[in-house]
>>> print(open('entry.txt').read())   # compact mmCIF, C-alpha atoms
# COMPACT_ATOMS: atom_id res chain seq x y z
CA MET A 1 -49.67 144.50 25.17
CA THR A 2 -46.87 141.96 25.49
CA SER A 3 -43.11 142.05 25.31
CA THR A 4 -43.45 141.23 21.63
CA THR A 5 -45.04 144.63 21.01
CA PRO A 6 -42.70 147.13 19.34
CA THR A 7 -42.35 150.76 20.40
CA VAL A 8 -42.24 153.73 18.03
CA LEU A 9 -40.54 156.98 19.03
CA LEU A 10 -42.50 159.98 17.73
CA ILE A 11 -40.59 163.28 17.54
CA GLY A 12 -42.12 166.70 17.01
CA THR A 13 -42.66 170.25 18.19
CA CYS A 14 -45.72 169.96 20.41
CA ASP A 15 -46.12 173.73 20.74
CA THR A 16 -46.92 173.99 17.01
CA LYS A 17 -48.01 170.50 15.87
CA LEU A 18 -49.64 168.89 18.90
CA ASP A 19 -52.88 167.92 17.14
CA GLU A 20 -51.03 166.23 14.27
CA LEU A 21 -48.62 164.45 16.61
CA VAL A 22 -51.41 163.17 18.83
CA TYR A 23 -53.28 162.00 15.73
CA VAL A 24 -50.28 159.86 14.69
CA HIS A 25 -49.78 158.71 18.29
CA ASP A 26 -53.37 157.49 18.53
CA LYS A 27 -53.25 155.78 15.15
CA LEU A 28 -50.16 153.87 16.21
CA VAL A 29 -51.57 152.83 19.57
CA HIS A 30 -55.21 152.12 18.67
CA ASP A 31 -55.11 151.15 14.99
CA HIS A 32 -51.76 149.38 14.84
CA SER A 33 -51.39 148.12 18.42
CA VAL A 34 -47.85 149.36 18.95
CA ARG A 35 -46.49 151.43 21.79
CA CYS A 36 -45.66 155.05 21.10
CA LYS A 37 -43.37 157.43 22.98
CA LEU A 38 -43.92 161.07 21.99
CA VAL A 39 -40.95 163.40 22.48
CA ASP A 40 -41.56 167.16 22.61
CA VAL A 41 -38.78 169.13 20.92
CA GLY A 42 -40.62 172.44 20.70
CA ARG A 43 -39.50 175.92 21.73
CA SER A 44 -42.27 176.35 24.31
CA ALA A 45 -43.02 173.79 27.02
CA CYS A 46 -46.21 171.81 26.44
CA THR A 47 -48.23 169.33 28.48
CA HIS A 48 -50.49 166.54 27.21
CA PRO A 49 -51.20 162.98 28.39
CA SER A 50 -49.69 161.54 25.18
CA ILE A 51 -46.28 163.17 25.75
CA ALA A 52 -43.80 160.65 27.14
CA PHE A 53 -40.82 163.01 27.24
CA THR A 54 -41.52 166.70 27.78
CA GLN A 55 -39.24 169.48 26.63
CA ALA A 56 -37.90 169.62 30.21
CA ASP A 57 -37.17 165.89 30.12
CA VAL A 58 -35.19 166.27 26.90
CA PHE A 59 -32.93 168.87 28.50
CA ALA A 60 -32.67 167.13 31.87
CA LEU A 61 -31.79 163.71 30.43
CA SER A 62 -29.16 165.03 28.03
CA GLY A 63 -26.54 165.66 30.69
CA LEU A 64 -25.81 169.00 29.03
CA PRO A 65 -26.34 172.50 30.49
CA THR A 66 -29.85 173.82 29.87
CA PRO A 67 -29.91 177.06 27.85
CA PRO A 68 -31.10 179.96 30.05
CA ASN A 69 -33.75 181.36 27.69
CA LEU A 70 -34.98 179.31 24.74
CA MET A 71 -37.49 181.97 23.76
CA ALA A 72 -34.68 184.43 23.04
CA LEU A 73 -32.70 182.13 20.76
CA PRO A 74 -32.80 182.72 16.98
CA ARG A 75 -34.54 179.88 15.14
CA GLY A 76 -31.37 178.31 13.74
CA GLU A 77 -29.60 178.37 17.10
CA LEU A 78 -32.71 176.99 18.81
CA ILE A 79 -32.84 174.01 16.45
CA SER A 80 -29.13 173.30 16.91
CA THR A 81 -29.51 173.49 20.69
CA ILE A 82 -32.44 171.07 20.79
CA ILE A 83 -30.65 168.67 18.42
CA ARG A 84 -27.65 168.50 20.77
CA HIS A 85 -29.91 167.77 23.76
CA ALA A 86 -32.19 165.27 22.00
CA ILE A 87 -29.42 163.05 20.60
CA PRO A 88 -28.37 161.57 23.99
CA LEU A 89 -31.99 160.71 24.86
CA VAL A 90 -32.64 158.93 21.58
CA SER A 91 -29.27 157.16 21.71
CA THR A 92 -30.03 155.86 25.21
CA LEU A 93 -33.49 154.63 24.24
CA HIS A 94 -31.99 152.76 21.30
CA ARG A 95 -29.11 151.31 23.29
CA LYS A 96 -31.55 149.98 25.89
CA GLN A 97 -33.72 148.50 23.11
CA GLU A 98 -36.69 150.53 24.31
CA ILE A 99 -37.57 151.72 20.79
CA HIS A 100 -37.79 149.91 17.46
CA ALA A 101 -38.52 152.73 14.99
CA THR A 102 -38.76 156.49 14.93
CA ILE A 103 -41.02 158.93 13.08
CA GLY A 104 -41.00 162.71 12.97
CA LEU A 105 -43.27 165.43 11.59
CA GLY A 106 -42.15 168.86 10.45
CA GLY A 107 -41.59 171.66 8.03
CA SER A 108 -38.08 172.62 6.99
CA GLY A 109 -36.91 173.35 10.54
CA GLY A 110 -38.67 170.42 12.18
CA SER A 111 -37.52 168.05 9.45
CA SER A 112 -33.94 169.22 9.88
CA LEU A 113 -34.18 168.69 13.63
CA CYS A 114 -35.65 165.20 13.30
CA ALA A 115 -33.21 164.16 10.58
CA GLU A 116 -30.13 165.32 12.47
CA VAL A 117 -31.21 163.51 15.63
CA MET A 118 -32.05 160.32 13.75
CA ARG A 119 -28.82 160.29 11.79
CA ALA A 120 -26.64 160.99 14.82
CA ALA A 121 -28.37 158.73 17.33
CA LEU A 122 -29.50 155.73 15.29
CA PRO A 123 -27.54 153.25 13.14
CA LEU A 124 -28.10 152.25 9.54
CA GLY A 125 -30.92 149.74 9.35
CA PHE A 126 -32.92 151.23 12.21
CA PRO A 127 -36.25 152.53 10.79
CA LYS A 128 -36.39 156.31 10.38
CA LEU A 129 -39.34 158.13 8.76
CA ILE A 130 -40.10 161.85 8.48
CA VAL A 131 -43.40 163.27 7.21
CA SER A 132 -42.28 166.59 5.81
CA THR A 133 -43.48 169.57 3.82
CA VAL A 134 -40.13 169.64 1.99
CA ALA A 135 -40.09 165.99 0.87
CA GLY A 136 -41.35 166.92 -2.59
CA GLY A 137 -38.04 168.62 -3.39
CA ASP A 138 -34.33 167.99 -2.91
CA VAL A 139 -34.02 166.07 0.37
CA HIS A 140 -30.26 165.56 0.31
CA ALA A 141 -29.74 167.90 3.26
CA TYR A 142 -32.07 165.75 5.35
CA VAL A 143 -31.20 162.23 4.17
CA GLY A 144 -27.47 162.71 3.53
CA GLU A 145 -25.72 159.36 3.29
CA ASP A 146 -28.07 157.66 5.73
CA ASP A 147 -31.32 155.70 5.40
CA VAL A 148 -33.89 158.30 6.44
CA THR A 149 -37.21 157.83 4.63
CA MET A 150 -39.05 161.03 3.66
CA MET A 151 -42.81 161.19 3.03
CA HIS A 152 -44.33 164.31 1.47
CA SER A 153 -47.14 165.81 3.55
CA VAL A 154 -48.53 167.59 0.42
CA VAL A 155 -50.17 170.30 2.57
CA ASP A 156 -48.55 171.97 5.53
CA ILE A 157 -48.66 170.12 8.83
CA ALA A 158 -50.89 172.80 10.25
CA GLY A 159 -54.37 171.44 10.90
CA LEU A 160 -56.01 168.09 10.30
CA ASN A 161 -57.92 167.81 7.03
CA ASP A 162 -58.89 165.26 4.41
CA ILE A 163 -55.55 165.58 2.59
CA LEU A 164 -53.18 165.48 5.56
CA CYS A 165 -54.99 162.81 7.59
CA PRO A 166 -54.59 159.98 5.05
CA VAL A 167 -50.90 160.90 4.70
CA LEU A 168 -50.44 160.68 8.47
CA GLU A 169 -52.39 157.43 8.58
CA ASN A 170 -50.16 155.95 5.87
CA ALA A 171 -47.08 157.10 7.77
CA ALA A 172 -48.36 155.52 10.98
CA GLY A 173 -49.01 152.24 9.16
CA ALA A 174 -45.60 152.33 7.51
CA ILE A 175 -43.62 152.99 10.68
CA ALA A 176 -45.63 150.40 12.64
CA GLY A 177 -44.69 147.79 10.04
CA MET A 178 -41.05 148.87 10.14
CA ALA A 179 -41.04 148.69 13.94
CA ARG A 180 -42.34 145.12 13.85
CA ALA A 181 -39.66 144.19 11.34
CA GLN A 182 -36.97 145.78 13.51
CA LEU A 183 -38.19 144.01 16.66
CA SER A 184 -38.17 140.69 14.80
CA ARG A 185 -34.70 141.39 13.45
CA VAL A 186 -33.23 142.21 16.86
CA THR A 187 -35.00 139.30 18.55
CA ASN A 188 -33.99 136.73 15.96
CA SER A 189 -30.39 137.90 15.68
CA ALA A 190 -29.94 137.95 19.46
CA CYS A 191 -27.57 140.88 19.12
CA SER A 192 -27.45 144.21 20.87
CA PRO A 193 -28.49 147.36 18.98
CA THR A 194 -24.96 148.69 19.18
CA THR A 195 -23.59 145.72 17.25
CA GLU A 196 -26.48 144.89 14.92
CA LEU A 197 -24.90 146.76 12.00
CA PHE A 198 -21.61 144.96 12.41
CA ARG A 199 -22.74 141.35 12.28
CA SER A 200 -21.42 139.46 9.26
CA PHE A 201 -24.20 138.58 6.84
CA PRO A 202 -23.88 136.15 5.25
CA GLY A 203 -20.12 135.97 4.62
CA ASP A 204 -17.11 136.51 6.84
CA LYS A 205 -15.74 139.58 5.00
CA ARG A 206 -17.42 142.78 3.84
CA ILE A 207 -16.29 144.23 0.52
CA ALA A 208 -17.44 147.64 -0.75
CA ILE A 209 -17.58 148.20 -4.51
CA THR A 210 -18.36 151.44 -6.37
CA MET A 211 -20.40 151.39 -9.57
CA PHE A 212 -21.87 153.65 -12.23
CA GLY A 213 -23.96 152.72 -15.25
CA VAL A 214 -20.86 152.89 -17.44
CA THR A 215 -18.92 150.51 -15.13
CA THR A 216 -21.79 148.12 -14.41
CA PRO A 217 -20.37 145.23 -16.48
CA ALA A 218 -17.15 145.37 -14.45
CA VAL A 219 -18.95 145.40 -11.12
CA THR A 220 -21.35 142.64 -12.15
CA TYR A 221 -18.44 140.39 -13.07
CA ALA A 222 -16.53 141.36 -9.93
CA ARG A 223 -19.47 140.31 -7.78
CA GLU A 224 -19.67 137.02 -9.65
CA LEU A 225 -15.98 136.35 -9.01
CA LEU A 226 -16.21 137.36 -5.34
CA SER A 227 -19.12 134.98 -4.79
CA ALA A 228 -16.53 132.21 -4.66
CA TYR A 229 -15.08 133.70 -1.45
CA PRO A 230 -16.53 133.92 2.08
CA CYS A 231 -17.63 137.54 1.75
CA THR A 232 -20.58 139.83 1.27
CA THR A 233 -20.39 142.54 -1.40
CA TYR A 234 -21.96 145.98 -0.94
CA VAL A 235 -22.33 147.98 -4.15
CA PHE A 236 -22.49 151.78 -3.90
CA HIS A 237 -23.89 153.77 -6.80
CA ALA A 238 -21.43 156.63 -7.31
CA THR A 239 -24.08 159.34 -7.08
CA GLY A 240 -22.52 161.43 -4.33
CA ALA A 241 -24.57 159.93 -1.52
CA GLY A 242 -23.14 156.51 -2.40
CA GLY A 243 -19.57 157.69 -2.09
CA ARG A 244 -20.26 159.51 1.17
CA ALA A 245 -21.90 156.41 2.63
CA LEU A 246 -18.91 154.25 1.68
CA GLU A 247 -16.52 156.75 3.26
CA LYS A 248 -18.58 157.00 6.45
CA LEU A 249 -18.59 153.23 6.90
CA ALA A 250 -14.88 153.07 6.13
CA GLU A 251 -14.23 155.55 8.93
CA SER A 252 -15.79 153.06 11.36
CA ARG A 253 -13.67 150.26 9.82
CA TYR A 254 -16.76 148.44 8.62
CA TRP A 255 -15.06 147.13 5.49
CA SER A 256 -12.66 144.21 5.17
CA GLY A 257 -11.77 145.46 1.70
CA VAL A 258 -12.72 148.13 -0.83
CA LEU A 259 -12.87 147.66 -4.60
CA ASP A 260 -13.13 151.33 -5.56
CA LEU A 261 -13.58 150.84 -9.28
CA THR A 262 -15.63 153.99 -9.86
CA THR A 263 -14.15 157.24 -8.55
CA THR A 264 -16.20 159.50 -10.82
CA GLU A 265 -17.53 161.59 -7.93
CA LEU A 266 -14.17 163.38 -7.86
CA ALA A 267 -14.97 164.88 -11.26
CA ASP A 268 -18.30 166.25 -10.07
CA ALA A 269 -16.64 167.78 -7.02
CA LEU A 270 -14.02 169.43 -9.24
CA LEU A 271 -16.33 170.73 -11.98
CA GLY A 272 -19.50 171.51 -10.07
CA GLY A 273 -21.52 168.49 -11.17
CA ILE A 274 -24.62 167.23 -9.40
CA LEU A 275 -23.11 163.98 -8.06
CA SER A 276 -20.27 165.23 -5.88
CA ALA A 277 -19.35 163.24 -2.78
CA GLY A 278 -17.38 166.14 -1.31
CA ASP A 279 -13.69 166.66 -0.73
CA LYS A 280 -13.22 163.64 1.56
CA ARG A 281 -13.92 161.07 -1.11
CA LEU A 282 -11.16 158.45 -1.43
CA THR A 283 -9.67 159.21 2.00
CA ALA A 284 -11.31 157.07 4.69
CA ALA A 285 -10.12 153.63 3.61
CA ALA A 286 -6.58 154.97 3.33
CA THR A 287 -6.71 156.47 6.82
CA ALA A 288 -8.21 153.28 8.28
CA ARG A 289 -5.56 151.12 6.51
CA ILE A 290 -8.26 149.03 4.86
CA PRO A 291 -7.07 146.87 1.93
CA GLN A 292 -8.19 148.55 -1.27
CA VAL A 293 -7.79 148.39 -5.01
CA VAL A 294 -8.64 151.72 -6.62
CA SER A 295 -9.33 152.38 -10.27
CA LEU A 296 -10.35 155.40 -12.34
CA GLY A 297 -13.86 154.43 -13.38
CA ALA A 298 -15.92 157.16 -15.07
CA LEU A 299 -13.39 159.93 -14.43
CA ASP A 300 -14.00 160.72 -18.08
CA MET A 301 -17.25 162.44 -17.13
CA CYS A 302 -18.98 164.99 -14.94
CA ASN A 303 -22.74 164.81 -14.43
CA PHE A 304 -25.37 167.50 -14.91
CA GLY A 305 -29.14 167.41 -15.21
CA PRO A 306 -31.08 167.97 -18.44
CA MET A 307 -29.12 169.62 -21.26
CA ALA A 308 -30.64 173.02 -20.48
CA THR A 309 -29.15 172.94 -16.97
CA VAL A 310 -25.53 172.56 -18.09
CA PRO A 311 -23.65 175.77 -17.11
CA SER A 312 -23.09 178.09 -20.05
CA HIS A 313 -19.29 177.96 -19.73
CA TYR A 314 -19.43 174.23 -20.51
CA ARG A 315 -21.70 174.46 -23.55
CA SER A 316 -18.77 174.45 -25.98
CA ARG A 317 -17.31 171.31 -24.39
CA LYS A 318 -18.02 167.72 -25.42
CA LEU A 319 -21.45 166.79 -24.01
CA PHE A 320 -23.42 163.56 -24.15
CA GLU A 321 -27.11 163.19 -23.32
CA HIS A 322 -27.11 160.01 -21.24
CA ASN A 323 -30.90 160.25 -20.82
CA PRO A 324 -33.44 163.11 -20.73
CA SER A 325 -32.56 163.76 -17.08
CA MET A 326 -28.77 163.43 -17.25
CA THR A 327 -26.15 165.17 -19.39
CA LEU A 328 -22.50 164.13 -19.22
CA LEU A 329 -19.55 166.47 -19.73
CA ARG A 330 -16.32 164.91 -21.03
CA THR A 331 -13.42 165.84 -18.75
CA SER A 332 -10.64 167.65 -20.60
CA PRO A 333 -6.90 166.92 -20.45
CA GLU A 334 -6.55 169.82 -18.01
CA ASP A 335 -9.34 168.43 -15.81
CA CYS A 336 -7.79 164.98 -15.94
CA LYS A 337 -4.42 166.27 -14.77
CA ILE A 338 -6.08 167.65 -11.66
CA LEU A 339 -8.18 164.54 -11.10
CA GLY A 340 -5.21 162.23 -11.44
CA ARG A 341 -3.23 164.34 -9.00
CA GLN A 342 -6.15 164.23 -6.53
CA VAL A 343 -6.32 160.44 -6.72
CA GLY A 344 -2.62 160.17 -6.00
CA GLU A 345 -2.56 162.77 -3.24
CA ARG A 346 -5.48 161.20 -1.39
CA LEU A 347 -3.85 157.77 -1.50
CA ARG A 348 -0.23 158.74 -0.77
CA ASP A 349 -0.55 158.13 2.96
CA ALA A 350 -2.33 154.79 2.58
CA ASP A 351 -0.57 151.61 3.65
CA PRO A 352 1.33 150.58 0.49
CA SER A 353 1.24 146.93 1.54
CA VAL A 354 -2.57 146.85 1.14
CA THR A 355 -3.21 149.56 -1.47
CA GLU A 356 -2.95 149.44 -5.25
CA VAL A 357 -4.16 151.60 -8.15
CA TRP A 358 -5.15 149.85 -11.37
CA VAL A 359 -5.22 151.81 -14.61
CA PRO A 360 -7.38 150.57 -17.54
CA LYS A 361 -5.40 151.97 -20.48
CA ARG A 362 -8.10 151.35 -23.09
CA GLY A 363 -10.91 153.23 -21.39
CA VAL A 364 -12.12 154.20 -17.91
CA SER A 365 -15.78 153.72 -18.82
CA ALA A 366 -18.03 152.27 -21.48
CA LEU A 367 -18.12 155.74 -23.09
CA SER A 368 -14.37 156.24 -23.44
CA THR A 369 -13.35 153.11 -25.32
CA ARG A 370 -12.22 153.45 -28.93
CA GLU A 371 -14.90 155.02 -31.17
CA ALA A 372 -17.20 155.64 -28.18
CA PRO A 373 -18.49 159.22 -27.59
CA PHE A 374 -15.87 160.11 -24.94
CA TRP A 375 -12.85 158.47 -26.60
CA ASP A 376 -10.02 160.94 -25.91
CA PRO A 377 -6.52 159.41 -25.65
CA GLU A 378 -4.96 162.78 -24.73
CA ALA A 379 -7.26 163.25 -21.74
CA ASP A 380 -6.82 159.65 -20.63
CA GLU A 381 -3.05 159.86 -20.82
CA ALA A 382 -3.11 163.10 -18.81
CA LEU A 383 -5.12 161.30 -16.14
CA PHE A 384 -2.85 158.26 -16.05
CA ALA A 385 0.36 160.30 -15.97
CA ALA A 386 -0.93 162.51 -13.17
CA VAL A 387 -1.84 159.52 -11.01
CA LYS A 388 1.60 157.97 -11.47
CA GLY A 389 3.32 161.29 -10.83
CA ALA A 390 1.41 161.96 -7.62
CA LEU A 391 2.19 158.49 -6.28
CA GLU A 392 5.86 158.52 -7.22
CA GLY A 393 7.97 157.62 -4.20
CA SER A 394 4.97 156.46 -2.14
CA ASN A 395 5.62 152.72 -2.66
CA ILE A 396 1.98 152.34 -3.70
CA ARG A 397 1.86 150.05 -6.71
CA VAL A 398 0.30 151.39 -9.92
CA VAL A 399 -0.72 148.61 -12.30
CA GLU A 400 -1.34 149.57 -15.93
CA VAL A 401 -3.40 147.11 -17.96
CA ASP A 402 -3.93 147.35 -21.72
CA LYS A 403 -7.68 146.71 -21.36
CA ASP A 404 -10.74 148.83 -20.68
CA ILE A 405 -12.32 148.87 -17.23
CA ASN A 406 -15.19 146.55 -18.21
CA ASP A 407 -12.92 143.94 -19.77
CA LYS A 408 -13.11 140.62 -17.92
CA GLU A 409 -9.34 140.28 -17.82
CA PHE A 410 -9.04 143.65 -16.09
CA VAL A 411 -11.76 142.73 -13.59
CA GLU A 412 -10.15 139.37 -12.83
CA GLY A 413 -6.96 141.23 -12.07
CA VAL A 414 -8.40 143.74 -9.63
CA VAL A 415 -10.52 141.15 -7.83
CA GLY A 416 -7.60 138.74 -7.52
CA ARG A 417 -5.35 141.45 -6.10
CA LEU A 418 -7.95 142.67 -3.60
CA VAL A 419 -8.44 139.13 -2.28
CA GLU A 420 -4.68 138.73 -1.97
CA LEU A 421 -4.28 142.10 -0.22
CA MET A 422 -7.00 141.15 2.24
CA ARG A 423 -5.28 137.86 2.97
CA MET A 424 -2.01 139.65 3.63
CA SER A 425 -3.60 142.34 5.78
CA LYS A 426 -2.78 142.17 9.49
CA ARG A 427 -6.16 143.74 10.10
CA ASP A 428 -8.01 140.68 8.86
CA GLY A 429 -5.57 138.12 10.22
>>> encode(input="entry.txt", output="structure tokens")
Amino acid sequence: MTSTTPTVLLIGTCDTKLDELVYVHDKLVHDHSVRCKLVDVGRSACTHPSIAFTQADVFALSGLPTPPNLMALPRGELISTIIRHAIPLVSTLHRKQEIHATIGLGGSGGSSLCAEVMRAALPLGFPKLIVSTVAGGDVHAYVGEDDVTMMHSVVDIAGLNDILCPVLENAAGAIAGMARAQLSRVTNSACSPTTELFRSFPGDKRIAITMFGVTTPAVTYARELLSAYPCTTYVFHATGAGGRALEKLAESRYWSGVLDLTTTELADALLGGILSAGDKRLTAAATARIPQVVSLGALDMCNFGPMATVPSHYRSRKLFEHNPSMTLLRTSPEDCKILGRQVGERLRDADPSVTEVWVPKRGVSALSTREAPFWDPEADEALFAAVKGALEGSNIRVVEVDKDINDKEFVEGVVGRLVELMRMSKRDG
């Protein structure tokens, strides 16, 4: 093997899944000609020639106190303990450029362990794959707002057979390819792994934009307008995970500017919808003093699954079947008062010199324009009044425009102001 050979980090509990882990290890080394470092994160110590880092190594290299008796720990506490000790090891291997991808195998507990370590120790863009028994269901708890790839094992990872082996072989092939791509990326960019996420590509400024299907025309035009400037746009689908990812990157001051056109995730958080981004949505850019223009896109709706899944206490409300998998609930005037107040309260402490709120008076989405299914002037006015009331005295400018959010004139306004705010920002010189 040469220095151009990538290395894959393989994580798993060797006391329960040694055969399966060794199978993947051997496929990587012999079939795909990549290096493989197997890390044992099991409860019981295990020895095998394929193990590069034993359970003892994980604890010793963490710099943290070793728990006195792993065997006595409840399962949840055991997993949390091993996660804390494994993160420093994986972080160090990445920082030293000794690994180029990581793969884990597990059930619910093992998948949680692998996912937490990957998300904490490795940056966005670094390949992360988990073969999991739970990947056929809701994987939000494992993926979160990061780029973890989940592959369903179909059968339990408990014995090699003619169903599991092809899945593991596919996983080995996939992560080997990802590792080669990562090695090429790092080599060609000549940047360290700690800064690879923060290189400008291809423009000088990074602008985050939030979008939903009902605000797509606005975002499409905004991107077209911004293409005239030295910037790269990053569009986040406002599905909960999208909003959380934007906020996480704002916390690290990744953005030069934020065009937060679509704040609909606030409605899902308030009303129990399926696309909530949590209670920290719309806070990070304000705290980081990042230039931002915020609007009220799709706050006319809360999202649920198929019609039959809408909670019974909402059945008498205005509902719209967006598609067979998605039912939208029209937010009421009472809901909109709360949502408007939340927008204002979360922005009050932002830097007023680089923060503005733009209000599209003729509709906050494609569904709430005149004669559209969610047209409701009373609810809209409650929303607008609450935003203005919550921001009163804050010096944050509220701009009301007699257009709907997808109108080109409205979009030209928000884009123009964001560019100007970024130019005035001390942060961006």
>>> residues_near_point(input="entry.txt", point="(-28.0, 159.5, 7.3)", cutoff="12 Å", atoms="only C-alpha atoms", output="ChimeraX atom specification")
/A:112,114-129,139-150,241-242,244-246,248-249
>>> write_last_selection(input="entry.txt", atoms="C-alpha atoms", output="short mmCIF file (atom, residue, chain, number, x, y, z; two decimals), in the frame of the given file")
data_model
loop_
_atom_site.label_atom_id
_atom_site.label_comp_id
_atom_site.auth_asym_id
_atom_site.auth_seq_id
_atom_site.Cartn_x
_atom_site.Cartn_y
_atom_site.Cartn_z
CA SER A 112 -33.94 169.22 9.88
CA CYS A 114 -35.65 165.20 13.30
CA ALA A 115 -33.21 164.16 10.58
CA GLU A 116 -30.13 165.32 12.47
CA VAL A 117 -31.21 163.51 15.63
CA MET A 118 -32.05 160.32 13.75
CA ARG A 119 -28.82 160.29 11.79
CA ALA A 120 -26.64 160.99 14.82
CA ALA A 121 -28.37 158.73 17.33
CA LEU A 122 -29.50 155.73 15.29
CA PRO A 123 -27.54 153.25 13.14
CA LEU A 124 -28.10 152.25 9.54
CA GLY A 125 -30.92 149.74 9.35
CA PHE A 126 -32.92 151.23 12.21
CA PRO A 127 -36.25 152.53 10.79
CA LYS A 128 -36.39 156.31 10.38
CA LEU A 129 -39.34 158.13 8.76
CA VAL A 139 -34.02 166.07 0.37
CA HIS A 140 -30.26 165.56 0.31
CA ALA A 141 -29.74 167.90 3.26
CA TYR A 142 -32.07 165.75 5.35
CA VAL A 143 -31.20 162.23 4.17
CA GLY A 144 -27.47 162.71 3.53
CA GLU A 145 -25.72 159.36 3.29
CA ASP A 146 -28.07 157.66 5.73
CA ASP A 147 -31.32 155.70 5.40
CA VAL A 148 -33.89 158.30 6.44
CA THR A 149 -37.21 157.83 4.63
CA MET A 150 -39.05 161.03 3.66
CA ALA A 241 -24.57 159.93 -1.52
CA GLY A 242 -23.14 156.51 -2.40
CA ARG A 244 -20.26 159.51 1.17
CA ALA A 245 -21.90 156.41 2.63
CA LEU A 246 -18.91 154.25 1.68
CA LYS A 248 -18.58 157.00 6.45
CA LEU A 249 -18.59 153.23 6.90
#
>>> closest_residue(input="entry.txt", among="A:Glu412, A:Glu98, A:Glu371, A:Asp351", to="Glu224 (chain A)", atoms="only C-alpha atoms")
A:Glu412
>>> closest_residue(input="entry.txt", among="A:His322, A:Arg95, A:Arg43, A:Arg417", to="Leu78 (chain A)", atoms="all atoms listed in the file")
A:Arg43
>>> atom_distance(input="entry.txt", atom1="CA of Arg223 (chain A)", atom2="CA of Gln342 (chain A)")
27.4 Å
>>> residues_around(input="entry.txt", residues="Gly42 (chain A)", least_positions_apart="2", cutoff="8 Å", atoms="all atoms listed in the file", output="ChimeraX atom specification")
/A:12-16,40,44-45,55
>>> atom_distance(input="entry.txt", atom1="CA of Leu421 (chain A)", atom2="CA of Asp279 (chain A)")
26.3 Å
>>> atom_distance(input="entry.txt", atom1="CA of Leu18 (chain A)", atom2="CA of Thr54 (chain A)")
12.2 Å
>>> closest_residue(input="entry.txt", among="A:Ala176, A:Ala218, A:Val357, A:Leu367", to="Leu282 (chain A)", atoms="all atoms listed in the file")
A:Val357
>>> residues_around(input="entry.txt", residues="region 283-293 of chain A", least_positions_apart="3", cutoff="7 Å", atoms="only C-alpha atoms", output="ChimeraX atom specification")
/A:247,250-251,253,256-260,280,346-347,349-351,354-357,414,418,421-422,425
>>> residues_around(input="entry.txt", residues="Leu225 (chain A)", least_positions_apart="5", cutoff="12 Å", atoms="only C-alpha atoms", output="list in words")
Ala218, Val219, Thr220, Pro230, Cys231, Thr232, Thr233, Lys408, Glu409, Val411, Glu412, Gly413, Val414, Val415, Gly416, Leu418 and Val419 of chain A
>>> write_last_selection(input="entry.txt", atoms="C-alpha atoms", output="compact mmCIF listing (two decimals), in the coordinates of the input")
# COMPACT_ATOMS: atom_id res chain seq x y z
CA ALA A 218 -17.15 145.37 -14.45
CA VAL A 219 -18.95 145.40 -11.12
CA THR A 220 -21.35 142.64 -12.15
CA PRO A 230 -16.53 133.92 2.08
CA CYS A 231 -17.63 137.54 1.75
CA THR A 232 -20.58 139.83 1.27
CA THR A 233 -20.39 142.54 -1.40
CA LYS A 408 -13.11 140.62 -17.92
CA GLU A 409 -9.34 140.28 -17.82
CA VAL A 411 -11.76 142.73 -13.59
CA GLU A 412 -10.15 139.37 -12.83
CA GLY A 413 -6.96 141.23 -12.07
CA VAL A 414 -8.40 143.74 -9.63
CA VAL A 415 -10.52 141.15 -7.83
CA GLY A 416 -7.60 138.74 -7.52
CA LEU A 418 -7.95 142.67 -3.60
CA VAL A 419 -8.44 139.13 -2.28
>>> build_atoms(input="entry.txt", residues="region 116-124 of chain A", atoms="N, CA and C atoms", output="PDB file, in the frame of the given file")
ATOM      1  N   GLU A 116     -31.428 165.270  11.812  1.00  0.00           N
ATOM      2  CA  GLU A 116     -30.130 165.320  12.470  1.00  0.00           C
ATOM      3  C   GLU A 116     -30.082 164.404  13.685  1.00  0.00           C
ATOM      4  N   VAL A 117     -31.152 164.382  14.456  1.00  0.00           N
ATOM      5  CA  VAL A 117     -31.210 163.510  15.630  1.00  0.00           C
ATOM      6  C   VAL A 117     -31.184 162.044  15.204  1.00  0.00           C
ATOM      7  N   MET A 118     -32.000 161.709  14.212  1.00  0.00           N
ATOM      8  CA  MET A 118     -32.050 160.320  13.750  1.00  0.00           C
ATOM      9  C   MET A 118     -30.708 159.857  13.218  1.00  0.00           C
ATOM     10  N   ARG A 119     -30.076 160.686  12.414  1.00  0.00           N
ATOM     11  CA  ARG A 119     -28.820 160.290  11.790  1.00  0.00           C
ATOM     12  C   ARG A 119     -27.696 160.162  12.806  1.00  0.00           C
ATOM     13  N   ALA A 120     -27.711 161.017  13.830  1.00  0.00           N
ATOM     14  CA  ALA A 120     -26.640 160.990  14.820  1.00  0.00           C
ATOM     15  C   ALA A 120     -26.841 159.896  15.868  1.00  0.00           C
ATOM     16  N   ALA A 121     -28.095 159.612  16.197  1.00  0.00           N
ATOM     17  CA  ALA A 121     -28.370 158.730  17.330  1.00  0.00           C
ATOM     18  C   ALA A 121     -28.667 157.291  16.945  1.00  0.00           C
ATOM     19  N   LEU A 122     -29.012 157.051  15.683  1.00  0.00           N
ATOM     20  CA  LEU A 122     -29.500 155.730  15.290  1.00  0.00           C
ATOM     21  C   LEU A 122     -28.670 155.155  14.152  1.00  0.00           C
ATOM     22  N   PRO A 123     -28.402 153.851  14.159  1.00  0.00           N
ATOM     23  CA  PRO A 123     -27.540 153.250  13.140  1.00  0.00           C
ATOM     24  C   PRO A 123     -28.277 152.989  11.831  1.00  0.00           C
ATOM     25  N   LEU A 124     -27.517 152.716  10.793  1.00  0.00           N
ATOM     26  CA  LEU A 124     -28.100 152.250   9.540  1.00  0.00           C
ATOM     27  C   LEU A 124     -28.914 150.990   9.809  1.00  0.00           C
TER      28      LEU A 124
END
